[in-house]
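Chemist: Input structure: final_32.csv, which contains CSV, C-alpha atoms.
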chain,number,residue,atom,x,y,z
M,9,MET,CA,-111.5,-159.5,25.8
M,10,LYS,CA,-111.2,-156.4,23.7
M,11,SER,CA,-114.4,-157.2,22.0
M,12,LEU,CA,-116.4,-156.6,25.2
M,13,ALA,CA,-115.0,-153.2,25.6
M,14,MET,CA,-115.8,-152.5,22.0
M,15,THR,CA,-119.4,-153.6,22.2
M,16,ALA,CA,-120.1,-152.1,25.6
M,17,ILE,CA,-118.5,-148.7,25.5
M,18,SER,CA,-117.2,-146.3,23.0
M,19,LEU,CA,-113.7,-147.2,21.9
M,20,SER,CA,-112.8,-143.5,21.7
M,21,MET,CA,-114.0,-142.9,25.2
M,22,ALA,CA,-111.9,-145.7,26.5
M,23,ALA,CA,-108.9,-144.7,24.6
M,24,SER,CA,-109.1,-141.2,25.8
M,25,ALA,CA,-108.2,-142.3,29.3
M,26,PHE,CA,-104.5,-142.1,28.3
M,27,ALA,CA,-105.0,-138.6,27.1
M,28,GLN,CA,-106.4,-137.6,30.5
M,29,ASN,CA,-103.3,-138.9,32.2
M,30,GLU,CA,-99.6,-138.2,31.8
M,31,LYS,CA,-99.6,-138.6,28.1
M,32,SER,CA,-96.8,-137.0,26.0
M,33,GLU,CA,-95.8,-137.7,22.5
M,34,THR,CA,-92.4,-139.2,23.4
M,35,GLY,CA,-92.6,-140.0,27.1
M,36,LEU,CA,-94.2,-142.7,29.1
M,37,GLN,CA,-98.0,-142.9,29.4
M,38,ILE,CA,-99.6,-143.9,32.6
M,39,ALA,CA,-103.4,-144.7,32.7
M,40,ARG,CA,-104.1,-144.4,36.4
M,41,ASN,CA,-106.4,-146.8,38.2
M,42,GLY,CA,-109.8,-145.2,38.3
M,43,SER,CA,-109.4,-143.3,35.1
M,44,GLN,CA,-110.9,-145.9,32.8
M,45,ALA,CA,-114.6,-146.6,33.4
M,46,SER,CA,-115.9,-150.1,34.0
M,47,ALA,CA,-118.5,-151.3,31.4
M,48,LYS,CA,-121.3,-153.8,31.6
M,49,GLY,CA,-121.1,-156.8,29.2
M,50,SER,CA,-124.0,-156.5,26.7
M,51,ALA,CA,-126.9,-158.9,27.1
M,52,ASP,CA,-126.6,-159.5,23.4
M,53,TYR,CA,-123.3,-161.4,23.9
M,54,PHE,CA,-123.4,-162.5,27.6
M,55,THR,CA,-125.5,-164.5,30.0
M,56,GLY,CA,-125.6,-163.1,33.5
M,57,THR,CA,-123.7,-160.2,34.9
M,58,VAL,CA,-120.3,-159.4,33.4
M,59,ARG,CA,-118.1,-156.4,33.9
M,60,VAL,CA,-115.3,-155.2,31.6
M,61,ASP,CA,-112.5,-153.1,33.1
M,62,PRO,CA,-110.4,-151.8,30.2
M,63,LEU,CA,-106.6,-151.7,30.7
M,64,PHE,CA,-105.1,-150.9,27.2
M,65,PRO,CA,-108.2,-150.8,25.0
M,66,LYS,CA,-106.3,-149.8,21.8
M,67,PRO,CA,-103.0,-151.2,20.6
M,68,ASN,CA,-100.2,-148.8,21.8
M,69,GLY,CA,-97.9,-147.4,19.2
M,70,PRO,CA,-96.7,-150.1,16.8
M,71,THR,CA,-98.1,-153.0,19.0
M,72,HIS,CA,-101.0,-155.3,18.2
M,73,ALA,CA,-102.4,-156.3,21.6
M,74,THR,CA,-105.2,-154.9,23.6
M,75,GLY,CA,-106.0,-155.9,27.2
M,76,SER,CA,-108.9,-155.8,29.8
M,77,TYR,CA,-110.0,-157.5,32.9
M,78,VAL,CA,-113.4,-159.3,32.6
M,79,THR,CA,-115.3,-160.3,35.7
M,80,PHE,CA,-118.1,-162.9,35.5
M,81,GLU,CA,-120.6,-163.2,38.4
M,82,PRO,CA,-121.4,-166.8,39.4
M,83,GLY,CA,-123.1,-168.5,36.4
M,84,ALA,CA,-122.3,-165.7,34.0
M,85,ARG,CA,-120.6,-166.5,30.7
M,86,THR,CA,-119.9,-165.3,27.2
M,87,ALA,CA,-122.0,-166.4,24.2
M,88,TRP,CA,-120.2,-168.8,21.9
M,89,HIS,CA,-117.8,-166.9,19.8
M,90,THR,CA,-114.5,-166.9,17.8
M,91,HIS,CA,-111.5,-164.6,17.6
M,92,PRO,CA,-109.9,-163.8,14.2
M,93,VAL,CA,-106.4,-163.7,15.7
M,94,GLY,CA,-107.1,-165.8,18.8
M,95,GLN,CA,-107.1,-164.7,22.4
M,96,THR,CA,-105.0,-165.3,25.6
M,97,LEU,CA,-106.7,-165.4,29.0
M,98,VAL,CA,-104.8,-165.1,32.3
M,99,VAL,CA,-107.2,-166.1,35.2
M,100,THR,CA,-106.6,-163.7,38.1
M,101,ALA,CA,-109.4,-164.6,40.6
M,102,GLY,CA,-112.1,-167.0,41.4
M,103,ALA,CA,-113.1,-170.2,39.6
M,104,GLY,CA,-114.2,-170.5,36.0
M,105,ARG,CA,-115.0,-172.6,33.0
M,106,VAL,CA,-114.0,-172.7,29.3
M,107,GLN,CA,-115.2,-174.9,26.6
M,108,ARG,CA,-114.2,-175.4,23.0
M,109,TRP,CA,-117.1,-176.5,20.7
M,110,GLY,CA,-117.1,-180.3,20.6
M,111,ASP,CA,-114.8,-180.7,23.7
M,112,PRO,CA,-115.7,-181.1,27.4
M,113,VAL,CA,-116.0,-178.1,29.7
M,114,GLN,CA,-112.8,-177.5,31.5
M,115,GLU,CA,-112.3,-175.7,34.9
M,116,ILE,CA,-109.9,-172.8,35.0
M,117,ARG,CA,-108.3,-171.3,38.2
M,118,PRO,CA,-106.1,-168.3,39.0
M,119,GLY,CA,-102.7,-168.5,37.4
M,120,ASP,CA,-104.0,-170.7,34.5
M,121,VAL,CA,-103.3,-169.3,31.0
M,122,VAL,CA,-105.6,-170.2,28.2
M,123,TRP,CA,-104.8,-169.8,24.5
M,124,ILE,CA,-107.8,-169.8,22.2
M,125,PRO,CA,-106.5,-170.2,18.6
M,126,PRO,CA,-108.0,-168.2,15.7
M,127,GLY,CA,-111.5,-169.3,14.6
M,128,GLN,CA,-112.1,-171.7,17.5
M,129,LYS,CA,-115.7,-171.7,18.6
M,130,HIS,CA,-115.7,-171.5,22.4
M,131,TRP,CA,-117.1,-169.8,25.5
M,132,HIS,CA,-115.7,-168.8,28.9
M,133,GLY,CA,-117.2,-167.7,32.2
M,134,ALA,CA,-117.6,-168.2,35.9
M,135,ALA,CA,-118.3,-171.4,37.8
M,136,PRO,CA,-121.9,-171.9,38.8
M,137,THR,CA,-121.5,-170.6,42.4
M,138,THR,CA,-118.1,-168.7,42.2
M,139,ALA,CA,-117.2,-165.6,40.3
M,140,MET,CA,-114.2,-165.5,37.9
M,141,THR,CA,-111.9,-162.7,36.7
M,142,HIS,CA,-109.4,-163.0,33.9
M,143,MET,CA,-107.3,-160.6,31.9
M,144,ALA,CA,-107.9,-161.0,28.2
M,145,ILE,CA,-105.2,-160.1,25.8
M,146,THR,CA,-106.5,-159.9,22.2
M,147,GLU,CA,-105.0,-158.8,18.9
M,148,LEU,CA,-107.1,-157.4,16.2
M,149,SER,CA,-107.7,-158.2,12.5
M,150,ASP,CA,-108.7,-155.1,10.6
M,151,GLY,CA,-109.9,-153.7,13.9
M,152,LYS,CA,-112.0,-156.7,14.8
M,153,ALA,CA,-111.5,-158.8,17.9
M,154,VAL,CA,-114.5,-161.2,17.9
M,155,ASP,CA,-117.3,-162.8,16.0
M,156,TRP,CA,-120.3,-163.5,18.2
M,157,LEU,CA,-122.5,-166.6,17.8
M,158,GLU,CA,-125.4,-168.0,19.8
M,159,LYS,CA,-125.8,-167.9,23.6
M,160,VAL,CA,-124.5,-170.8,25.7
M,161,ASN,CA,-127.7,-172.5,27.0
M,162,ASP,CA,-128.1,-173.9,30.5
M,163,THR,CA,-127.6,-177.5,29.4
M,164,GLN,CA,-124.3,-176.6,27.7
M,165,TYR,CA,-123.2,-174.5,30.7
M,166,GLY,CA,-124.3,-177.1,33.2
M,167,SER,CA,-122.3,-180.0,31.9
M,168,GLN,CA,-119.8,-181.2,34.4
M,169,PRO,CA,-116.3,-180.0,33.8
Y,30,MET,CA,-91.2,-158.4,30.5
Y,31,LYS,CA,-90.5,-161.1,28.0
Y,32,SER,CA,-86.9,-160.2,28.0
Y,33,LEU,CA,-86.5,-161.3,31.6
Y,34,ALA,CA,-87.7,-164.7,30.8
Y,35,MET,CA,-85.4,-164.8,27.8
Y,36,THR,CA,-82.4,-163.8,29.8
Y,37,ALA,CA,-83.1,-165.9,32.9
Y,38,ILE,CA,-84.4,-169.2,31.5
Y,39,SER,CA,-84.4,-171.2,28.4
Y,40,LEU,CA,-87.1,-170.0,26.1
Y,41,SER,CA,-87.7,-173.5,24.9
Y,42,MET,CA,-88.1,-174.7,28.4
Y,43,ALA,CA,-90.7,-172.1,29.2
Y,44,ALA,CA,-92.5,-172.7,26.0
Y,45,SER,CA,-92.7,-176.4,26.6
Y,46,ALA,CA,-95.1,-175.7,29.5
Y,47,PHE,CA,-97.9,-175.7,27.0
Y,48,ALA,CA,-96.9,-179.0,25.6
Y,49,GLN,CA,-97.0,-180.5,29.1
Y,50,ASN,CA,-100.6,-179.4,29.5
Y,51,GLU,CA,-103.7,-179.9,27.4
Y,52,LYS,CA,-102.2,-179.0,24.1
Y,53,SER,CA,-103.8,-180.0,20.8
Y,54,GLU,CA,-103.2,-178.8,17.3
Y,55,THR,CA,-106.6,-177.3,17.0
Y,56,GLY,CA,-108.1,-177.1,20.4
Y,57,LEU,CA,-107.6,-174.8,23.4
Y,58,GLN,CA,-104.3,-174.8,25.2
Y,59,ILE,CA,-104.3,-174.4,29.0
Y,60,ALA,CA,-100.9,-173.8,30.8
Y,61,ARG,CA,-101.9,-174.7,34.3
Y,62,ASN,CA,-100.7,-172.6,37.3
Y,63,GLY,CA,-97.6,-174.4,38.6
Y,64,SER,CA,-96.5,-175.8,35.2
Y,65,GLN,CA,-94.2,-172.8,34.3
Y,66,ALA,CA,-91.2,-172.4,36.6
Y,67,SER,CA,-90.4,-169.1,38.2
Y,68,ALA,CA,-87.0,-167.6,37.2
Y,69,LYS,CA,-84.7,-165.2,38.9
Y,70,GLY,CA,-83.9,-161.9,37.3
Y,71,SER,CA,-80.2,-161.9,36.2
Y,72,ALA,CA,-77.8,-159.7,38.3
Y,73,ASP,CA,-76.5,-158.4,34.9
Y,74,TYR,CA,-79.8,-156.6,34.3
Y,75,PHE,CA,-81.4,-156.1,37.7
Y,76,THR,CA,-80.5,-154.6,41.1
Y,77,GLY,CA,-81.9,-156.5,44.0
Y,78,THR,CA,-84.1,-159.6,44.0
Y,79,VAL,CA,-86.5,-160.0,41.1
Y,80,ARG,CA,-88.7,-162.9,40.1
Y,81,VAL,CA,-90.1,-163.6,36.7
Y,82,ASP,CA,-93.2,-165.8,36.4
Y,83,PRO,CA,-93.8,-166.6,32.7
Y,84,LEU,CA,-97.4,-166.6,31.5
Y,85,PHE,CA,-97.2,-166.8,27.7
Y,86,PRO,CA,-93.5,-166.6,27.0
Y,87,LYS,CA,-93.8,-167.0,23.3
Y,88,PRO,CA,-96.4,-165.4,21.0
Y,89,ASN,CA,-99.2,-167.9,20.4
Y,90,GLY,CA,-100.2,-168.7,16.9
Y,91,PRO,CA,-100.3,-165.6,14.7
Y,92,THR,CA,-100.1,-163.2,17.7
Y,93,HIS,CA,-97.2,-160.9,18.6
Y,94,ALA,CA,-97.5,-160.5,22.4
Y,95,THR,CA,-95.8,-162.3,25.2
Y,96,GLY,CA,-96.6,-161.9,28.9
Y,97,SER,CA,-95.2,-162.5,32.3
Y,98,TYR,CA,-95.5,-161.4,35.9
Y,99,VAL,CA,-92.4,-159.7,37.3
Y,100,THR,CA,-92.1,-159.2,41.1
Y,101,PHE,CA,-89.5,-156.8,42.5
Y,102,GLU,CA,-88.6,-157.0,46.2
Y,103,PRO,CA,-88.3,-153.7,48.1
Y,104,GLY,CA,-85.6,-151.5,46.4
Y,105,ALA,CA,-85.2,-153.9,43.5
Y,106,ARG,CA,-85.4,-152.5,39.9
Y,107,THR,CA,-84.4,-153.1,36.3
Y,108,ALA,CA,-81.3,-151.6,34.7
Y,109,TRP,CA,-82.0,-148.8,32.3
Y,110,HIS,CA,-83.3,-150.3,29.1
Y,111,THR,CA,-85.3,-149.8,25.9
Y,112,HIS,CA,-87.8,-152.0,24.1
Y,113,PRO,CA,-87.8,-152.2,20.3
Y,114,VAL,CA,-91.6,-152.4,20.1
Y,115,GLY,CA,-92.4,-150.9,23.4
Y,116,GLN,CA,-93.9,-152.5,26.5
Y,117,THR,CA,-97.2,-152.3,28.5
Y,118,LEU,CA,-97.1,-152.8,32.3
Y,119,VAL,CA,-100.2,-153.6,34.3
Y,120,VAL,CA,-99.4,-153.2,38.0
Y,121,THR,CA,-101.0,-155.9,40.0
Y,122,ALA,CA,-99.7,-155.6,43.6
Y,123,GLY,CA,-97.6,-153.4,45.9
Y,124,ALA,CA,-96.1,-150.0,45.1
Y,125,GLY,CA,-93.5,-149.2,42.5
Y,126,ARG,CA,-91.6,-146.7,40.5
Y,127,VAL,CA,-91.0,-146.0,36.8
Y,128,GLN,CA,-88.8,-143.4,35.2
Y,129,ARG,CA,-88.1,-142.3,31.7
Y,130,TRP,CA,-84.6,-140.9,31.1
Y,131,GLY,CA,-84.7,-137.2,31.7
Y,132,ASP,CA,-88.1,-137.2,33.4
Y,133,PRO,CA,-88.9,-137.4,37.1
Y,134,VAL,CA,-89.5,-140.7,38.9
Y,135,GLN,CA,-93.2,-141.6,39.0
Y,136,GLU,CA,-95.0,-143.8,41.5
Y,137,ILE,CA,-97.1,-146.6,40.1
Y,138,ARG,CA,-99.8,-148.5,42.0
Y,139,PRO,CA,-102.1,-151.6,41.4
Y,140,GLY,CA,-104.4,-151.0,38.5
Y,141,ASP,CA,-102.1,-148.4,36.8
Y,142,VAL,CA,-101.2,-149.2,33.2
Y,143,VAL,CA,-97.9,-147.9,31.9
Y,144,TRP,CA,-97.1,-147.7,28.1
Y,145,ILE,CA,-93.4,-147.4,27.3
Y,146,PRO,CA,-92.9,-146.4,23.7
Y,147,PRO,CA,-90.3,-148.0,21.5
Y,148,GLY,CA,-86.7,-146.8,22.1
Y,149,GLN,CA,-87.5,-144.9,25.3
Y,150,LYS,CA,-84.7,-145.3,27.8
Y,151,HIS,CA,-86.3,-146.1,31.2
Y,152,TRP,CA,-86.4,-148.3,34.3
Y,153,HIS,CA,-89.1,-149.8,36.6
Y,154,GLY,CA,-89.1,-151.4,40.0
Y,155,ALA,CA,-90.4,-151.6,43.5
Y,156,ALA,CA,-90.7,-148.8,46.1
Y,157,PRO,CA,-87.8,-148.6,48.6
Y,158,THR,CA,-89.7,-150.4,51.3
Y,159,THR,CA,-92.6,-152.1,49.4
Y,160,ALA,CA,-92.5,-154.8,46.8
Y,161,MET,CA,-94.2,-154.5,43.4
Y,162,THR,CA,-95.6,-156.9,40.9
Y,163,HIS,CA,-96.7,-156.1,37.4
Y,164,MET,CA,-97.7,-158.0,34.3
Y,165,ALA,CA,-95.5,-157.1,31.4
Y,166,ILE,CA,-96.9,-157.5,27.9
Y,167,THR,CA,-94.2,-157.2,25.3
Y,168,GLU,CA,-94.1,-157.7,21.5
Y,169,LEU,CA,-90.9,-158.7,19.8
Y,170,SER,CA,-88.9,-157.3,16.9
Y,171,ASP,CA,-87.0,-160.1,15.1
Y,172,GLY,CA,-87.3,-162.1,18.3
Y,173,LYS,CA,-85.9,-159.3,20.5
Y,174,ALA,CA,-87.8,-157.8,23.4
Y,175,VAL,CA,-85.2,-155.5,25.1
Y,176,ASP,CA,-81.9,-153.7,24.8
Y,177,TRP,CA,-80.1,-153.5,28.2
Y,178,LEU,CA,-78.1,-150.4,29.3
Y,179,GLU,CA,-76.3,-149.4,32.5
Y,180,LYS,CA,-77.6,-150.1,36.0
Y,181,VAL,CA,-79.8,-147.6,37.9
Y,182,ASN,CA,-77.6,-146.2,40.6
Y,183,ASP,CA,-78.8,-145.4,44.2
Y,184,THR,CA,-78.9,-141.7,43.5
Y,185,GLN,CA,-81.1,-142.2,40.5
Y,186,TYR,CA,-83.3,-144.7,42.3
Y,187,GLY,CA,-83.5,-142.6,45.4
Y,188,SER,CA,-84.8,-139.5,43.8
Y,189,GLN,CA,-88.2,-138.6,45.2
Y,190,PRO,CA,-91.1,-139.5,42.9
Please go through the file and, once you have read it, give me the structure as structure tokens.
Modeler:
Amino acid sequence: MKSLAMTAISLSMAASAFAQNEKSETGLQIARNGSQASAKGSADYFTGTVRVDPLFPKPNGPTHATGSYVTFEPGARTAWHTHPVGQTLVVTAGAGRVQRWGDPVQEIRPGDVVWIPPGQKHWHGAAPTTAMTHMAITELSDGKAVDWLEKVNDTQYGSQP
Amino acid sequence: MKSLAMTAISLSMAASAFAQNEKSETGLQIARNGSQASAKGSADYFTGTVRVDPLFPKPNGPTHATGSYVTFEPGARTAWHTHPVGQTLVVTAGAGRVQRWGDPVQEIRPGDVVWIPPGQKHWHGAAPTTAMTHMAITELSDGKAVDWLEKVNDTQYGSQP
């Protein structure tokens, strides 16, 4: 969820991780594990404790995609939001939930891949008693990854998946 | 490495995994773990045993990126190749190697993020005695993800990183 990194940390700080590694104009670039600082998900846009670990926080070269790991502690979740170009989530650990506005809550597990189309109001997060980590791959529209809406209240979150 | 899925399995077969899950025209799409078949890396383009696990084998909606896990058994590696729009690798397990043509071999470890610029001749694979898995995020140019070149011979592979 590129948006998390954008709201939580300076984009330029995050992007500079590549410059601190083996960057060259024409060669391969390796951003080493430990070179890109974890960030806390802002209380403005999240409920509970959320950590964002940037992977490729800016599109590389001619590409469009950005990527980060997002880890939700038990019960933690995003606010309702939409993505201008959509978002793909690859669940990598734990147990989580995702809900599109107007649809039932769905459980998501490691190895599941979620595609959120552009403009779809939704949220995602951990299960009530189990944490969840996903990689979020997000493409930008005029530099924007997300439009934030209201928080997910406990009634909405607590509905049985 | 989208290209692996393209060469190893039918793209239409892989893409249909979404259709077999909770697809709807306007809602979220979840490709469940277990719904997308693993594929073997072709001996034409790989040395040793390589498995490709597709995640999002076609760009979703208006996006450009594709993604898959690629697992290299010890000593296994790609042939030399280039990507028209580049490729981003996120190492998720094991110990591996990457080399740009003309540069030394470099070790890569879980959490490392590698950016391969467009047109850069390179290879990647496992360490000699340890397997390696990475997620490969690849954008396409006119539907093409890769241009394959010659195999990486044992002398090239065996050079100390």
Chemist: Could you name the residues that touch Gly96 in chain Y at 8 Å or less, counting all atoms listed in the file, but leaving out those on the same chain fewer than 6 positions away, as a list in words?
Modeler: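 Close residues of Gly96 in chain Y: Met30, Lys31, Pro83, Leu84, Phe85, Pro86, Met164, Ala165, Ile166 and Thr167 of chain Y.
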Chemist: Skip Glu81 in chain M itself and residues of its chain fewer than 6 positions away, then list as a JSON list (two decimals) with C-alpha atoms, in the coordinates of the input all residues within 8 Å of it, counting only C-alpha atoms.
Modeler:
[["chain", "number", "residue", "atom", "x", "y", "z"],
["M", 56, "GLY", "CA", -125.60, -163.10, 33.50],
["M", 57, "THR", "CA", -123.70, -160.20, 34.90],
["M", 58, "VAL", "CA", -120.30, -159.40, 33.40],
["M", 134, "ALA", "CA", -117.60, -168.20, 35.90],
["M", 138, "THR", "CA", -118.10, -168.70, 42.20],
["M", 139, "ALA", "CA", -117.20, -165.60, 40.30],
["M", 140, "MET", "CA", -114.20, -165.50, 37.90]]
Chemist: Kindly provide, as number ranges by chain, the residues of chain Y having any atom no farther than 7 Å from an atom of chain M, counting all atoms listed in the file.
Modeler: Y: 56-62, 84, 90-94, 114, 129, 140-146, 168
Chemist: Excluding Arg80 in chain Y and any residue of its chain fewer than 5 positions from it, enumerate the residues within 12 Å of it, using only C-alpha atoms, and give them as a list in words.
Modeler: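 The residues satisfying every condition are Met30, Leu33, Ala34, Ala37, Ile38, Ala66, Ser67, Ala68, Lys69, Gly70, Ser71, Ala72, Phe75, Ser97, Tyr98, Val99, Thr100, Phe101, Glu102, Ala105, Arg106, Thr107, Gly154, Ala155, Ala160, Met161, Thr162, His163 and Met164 of chain Y.
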Chemist: Identify, on the basis of all atoms listed in the file, every residue whose closest approach to Trp156 in chain M does not exceed 8 Å; exclude the query and any residue fewer than 6 positions from it along the same chain; express the result as number ranges by chain.
Modeler: M: 53, 87-90
Chemist: Determine the nearest neighbour of Val181 in chain Y from the options Y:Thr158, Y:Thr76, Y:Ala122, Y:Lys87, counting all atoms listed in the file.
Modeler: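 Between Y:Thr158, Y:Thr76, Y:Ala122, Y:Lys87, the residue approaching Val181 in chain Y most closely is Y:Thr76.
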